[in-house]
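Novice: Here it is, the structure in full.
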Amino acid sequence: MTTIKWLVVAWMLFIHQADARTFTMMDGSTLEGEIQDYDLRQDRLTIRSSSGRKVIKADKLDNESYRYVMNWGAAKQFSNPDKFRLTMYGPEELNSWIKDIWLRLPGKLQPWNTHNLSFSRIGYDLKMINDTGYDLENIQVKYCLFYEQERMNHELEEKVNEIIVRPCLDEISILPNEFTERMSLKSIVLRDVNIIYVKTSGQWWVEVKEYLEGEGSTLRSEFIGAMLRIELVDPDGNIVRHEDKYPKYLDDGLGYDWDALEWVEPTEENTAWEDDFLDEISDA
């Protein structure tokens with residue numbers, strides 16, 4: 001029992017040492033310990049050191065230590081959902097348009113309409129309310145948009161459903177205290193493809209006709225939802241995060257739940273999306 005007691009004490013000392021840091025005062029003296037609390041209004045800092053609990057005025061710290069305390073307090077308040085609040089609006093249809101695909105064989109004057117494409121651009125708005133008492137810096141807004149798209153698989157000779165994930169990243173350099181930021185998030189474009197005409201001669205057209213037999217002539221798309229992560233890095237390099245899903249419970253008849261959909265971390269390579277430049281004018 002004594003051995004277990006000493007192991008517990010050693011582990012607690014290790015944790016304390018791992019979280020402790022050296023704070024430098026304006027007069028050059030130092031204090032080593034772990035921040036327990038910081039009261040922004042009274043500028044009062046509580047530190048737990050090896051000699052016990054100490055309460056000091058934070059303005060007695062030098063610039064570097066004071067900046068650390070302020071960033072520590074901002075990260076702590078940011079993690080509080082009552083101080084930093086989020087609301088997602090949508091999804092909403094931002095615009096829609098139709099595109100006809102025509103085919104004219106070489107030497108023929110009369111074309112025929114083969115496909116009719118219906119486009120719908122879908123997006124969210126995000127509202128962030130900062131009541132933390134701090135001007136929050138370098139906030140990352142990460143989100144993944146999920147939708148289902150039917151397509152033709154000519155190897156399987158049938159329609160297949162594909163889940164498409166769009167990872168997105170927006171950055172906010174500063175979000176002032178007592179400020180509400182409402183921003184339009186990036187969007188996705190849903191496509192419903194109606195195959196109007198199937199030529200009965202020619203290998204590819206005959207195959208398409210066989211695939212569609214008894215299944216209808218439309219390749220449909222459905223919006224599923226969004227995963228959201230709002231992140232801030234504390235002064236020790238740890239990520240403080242708000243995370244949510246919209247809708248919270250999937251009930252769209254597609255047979256998917258959130259456990260079956262995987263988050264894709266946004267990067268410089270995967271956040272560029274050609275559909276951002278697609279509209280009824282450029283894609284007539």
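Quick note on naming: the chains in the structure tokens go A, B, ... in the order shown, residues restart at 1 in each chain, and ligands are numbered from 1 in order of appearance.
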I'd like the contact shell of Asp43 in chain A - 7 Å cut-off, only C-alpha atoms, skipping same-chain residues fewer than 2 positions apart - returned as a PyMOL selection string.
Specialist: chain A and resi 39-41+45+57-58
Novice: Quick one: DSSP strand (DSSP E or B) residues in range 30-250 of chain A, as JSON, numbers by chain?
Specialist: {"A": [30, 31, 32, 33, 34, 35, 36, 37, 38, 39, 44, 45, 46, 47, 48, 49, 52, 53, 54, 55, 56, 57, 61, 84, 85, 86, 87, 88, 89, 90, 91, 92, 93, 94, 95, 96, 97, 98, 99, 100, 101, 102, 103, 112, 113, 114, 115, 116, 117, 118, 119, 120, 121, 122, 123, 124, 125, 126, 127, 128, 129, 130, 136, 137, 138, 139, 140, 141, 142, 143, 144, 145, 146, 147, 148, 149, 150, 151, 152, 153, 158, 159, 160, 161, 162, 163, 164, 165, 166, 167, 168, 169, 170, 171, 172, 173, 174, 175, 179, 180, 181, 182, 183, 184, 185, 186, 187, 188, 189, 190, 191, 192, 193, 194, 195, 218, 219, 221, 222, 223, 224, 225, 226, 227, 228, 229, 230, 231, 232, 233, 239, 240, 241, 242, 243, 244, 245, 246]}
Novice: Emit the selected residues as a short mmCIF file (atom, residue, chain, number, x, y, z; two decimals), in the first residue's frame, including C-alpha atoms.
Specialist:
data_model
loop_
_atom_site.label_atom_id
_atom_site.label_comp_id
_atom_site.auth_asym_id
_atom_site.auth_seq_id
_atom_site.Cartn_x
_atom_site.Cartn_y
_atom_site.Cartn_z
CA THR A 30 10.82 34.88 -10.69
CA LEU A 31 8.01 32.64 -9.51
CA GLU A 32 7.61 29.01 -10.62
CA GLY A 33 4.21 27.39 -10.57
CA GLU A 34 1.02 26.47 -12.41
CA ILE A 35 -1.80 28.90 -13.22
CA GLN A 36 -4.93 28.00 -11.28
CA ASP A 37 -7.09 30.97 -12.25
CA TYR A 38 -7.01 34.43 -13.74
CA ASP A 39 -9.61 37.14 -13.01
CA ARG A 44 -5.68 38.90 -10.34
CA LEU A 45 -3.59 35.79 -11.04
CA THR A 46 -3.68 32.65 -8.89
CA ILE A 47 -0.61 30.40 -9.07
CA ARG A 48 0.02 27.09 -7.32
CA SER A 49 3.70 26.73 -6.52
CA GLY A 52 1.56 26.80 -1.79
CA ARG A 53 -1.08 28.93 -3.43
CA LYS A 54 -0.19 32.52 -4.32
CA VAL A 55 -2.37 35.39 -5.58
CA ILE A 56 -0.64 38.29 -7.34
CA LYS A 57 -1.58 41.23 -9.53
CA LEU A 61 4.61 40.53 -14.48
CA PHE A 84 -18.13 31.64 -27.01
CA ARG A 85 -21.37 30.71 -28.78
CA LEU A 86 -21.98 29.18 -32.18
CA THR A 87 -25.05 28.97 -34.40
CA MET A 88 -25.27 27.42 -37.88
CA TYR A 89 -28.01 28.49 -40.30
CA GLY A 90 -29.02 26.31 -43.20
CA PRO A 91 -28.41 24.49 -45.35
CA GLU A 92 -29.98 26.88 -47.84
CA GLU A 93 -30.19 26.81 -51.62
CA LEU A 94 -28.17 29.81 -52.73
CA ASN A 95 -28.99 29.52 -56.43
CA SER A 96 -29.91 26.94 -59.07
CA TRP A 97 -29.72 26.57 -62.83
CA ILE A 98 -30.23 24.04 -65.64
CA LYS A 99 -27.79 22.98 -68.32
CA ASP A 100 -28.69 21.06 -71.48
CA ILE A 101 -26.18 18.76 -73.16
CA TRP A 102 -26.55 18.41 -76.93
CA LEU A 103 -24.95 15.95 -79.34
CA TRP A 112 -30.39 16.12 -80.21
CA ASN A 113 -30.67 16.78 -76.48
CA THR A 114 -29.03 13.88 -74.62
CA HIS A 115 -28.78 15.11 -71.01
CA ASN A 116 -30.48 17.64 -68.78
CA LEU A 117 -28.44 18.72 -65.72
CA SER A 118 -30.05 20.44 -62.76
CA PHE A 119 -27.60 22.31 -60.46
CA SER A 120 -28.28 23.53 -56.90
CA ARG A 121 -25.71 25.40 -54.83
CA ILE A 122 -26.09 24.64 -51.10
CA GLY A 123 -24.42 26.46 -48.21
CA TYR A 124 -24.52 27.46 -44.53
CA ASP A 125 -24.10 30.66 -42.56
CA LEU A 126 -22.17 30.60 -39.28
CA LYS A 127 -22.66 33.03 -36.38
CA MET A 128 -20.01 33.35 -33.64
CA ILE A 129 -20.61 35.44 -30.51
CA ASN A 130 -17.53 36.40 -28.48
CA LEU A 136 -9.54 36.29 -29.70
CA GLU A 137 -6.74 35.85 -32.23
CA ASN A 138 -6.01 33.34 -34.99
CA ILE A 139 -9.23 31.33 -34.90
CA GLN A 140 -9.52 28.50 -37.42
CA VAL A 141 -12.97 27.61 -38.75
CA LYS A 142 -12.84 24.05 -40.11
CA TYR A 143 -15.77 22.16 -41.57
CA CYS A 144 -16.61 19.24 -43.85
CA LEU A 145 -19.66 19.21 -46.11
CA PHE A 146 -21.07 15.79 -47.03
CA TYR A 147 -23.33 14.88 -49.92
CA GLU A 148 -24.33 11.79 -51.88
CA GLN A 149 -24.06 11.63 -55.67
CA GLU A 150 -25.36 8.92 -57.98
CA ARG A 151 -23.17 8.11 -60.97
CA MET A 152 -22.85 5.47 -63.63
CA ASN A 153 -20.26 2.75 -63.05
CA GLU A 158 -25.06 -0.18 -62.71
CA LYS A 159 -25.72 3.01 -60.81
CA VAL A 160 -23.62 3.57 -57.69
CA ASN A 161 -23.94 6.02 -54.80
CA GLU A 162 -20.80 7.94 -53.88
CA ILE A 163 -20.31 9.94 -50.67
CA ILE A 164 -18.39 13.13 -51.43
CA VAL A 165 -16.68 15.14 -48.68
CA ARG A 166 -15.67 18.75 -49.11
CA PRO A 167 -13.16 19.89 -46.46
CA CYS A 168 -13.04 23.67 -45.85
CA LEU A 169 -10.91 26.09 -43.86
CA ASP A 170 -11.49 29.75 -43.00
CA GLU A 171 -9.22 31.78 -40.74
CA ILE A 172 -10.12 34.77 -38.56
CA SER A 173 -7.12 36.86 -37.51
CA ILE A 174 -8.99 38.63 -34.70
CA LEU A 175 -12.51 38.40 -33.24
CA PHE A 179 -18.56 41.16 -31.09
CA THR A 180 -20.79 38.98 -33.27
CA GLU A 181 -19.38 37.62 -36.52
CA ARG A 182 -21.73 36.16 -39.10
CA MET A 183 -20.06 34.64 -42.14
CA SER A 184 -21.16 32.68 -45.19
CA LEU A 185 -19.39 29.35 -45.37
CA LYS A 186 -18.22 27.69 -48.55
CA SER A 187 -20.77 25.70 -50.52
CA ILE A 188 -21.23 22.58 -52.60
CA VAL A 189 -23.09 22.05 -55.88
CA LEU A 190 -25.59 19.18 -56.16
CA ARG A 191 -26.22 17.68 -59.59
CA ASP A 192 -29.29 15.82 -60.81
CA VAL A 193 -28.56 14.37 -64.25
CA ASN A 194 -31.54 13.41 -66.40
CA ILE A 195 -30.61 11.20 -69.35
CA THR A 218 -32.06 10.23 -63.44
CA LEU A 219 -28.81 10.27 -61.47
CA SER A 221 -27.80 13.89 -55.51
CA GLU A 222 -28.70 14.52 -51.85
CA PHE A 223 -27.16 16.83 -49.26
CA ILE A 224 -26.27 15.02 -46.02
CA GLY A 225 -24.87 17.53 -43.52
CA ALA A 226 -21.79 19.23 -42.06
CA MET A 227 -19.20 18.65 -39.36
CA LEU A 228 -17.82 21.82 -37.75
CA ARG A 229 -14.69 22.48 -35.69
CA ILE A 230 -13.68 25.92 -34.36
CA GLU A 231 -10.12 25.87 -33.02
CA LEU A 232 -7.79 28.15 -31.08
CA VAL A 233 -4.25 27.32 -29.89
CA ILE A 239 -5.69 22.98 -29.43
CA VAL A 240 -8.88 24.22 -27.77
CA ARG A 241 -11.87 23.20 -29.86
CA HIS A 242 -15.62 23.61 -30.27
CA GLU A 243 -17.11 20.76 -32.29
CA ASP A 244 -20.61 20.08 -33.59
CA LYS A 245 -22.60 18.37 -36.34
CA TYR A 246 -25.49 19.70 -38.43
#
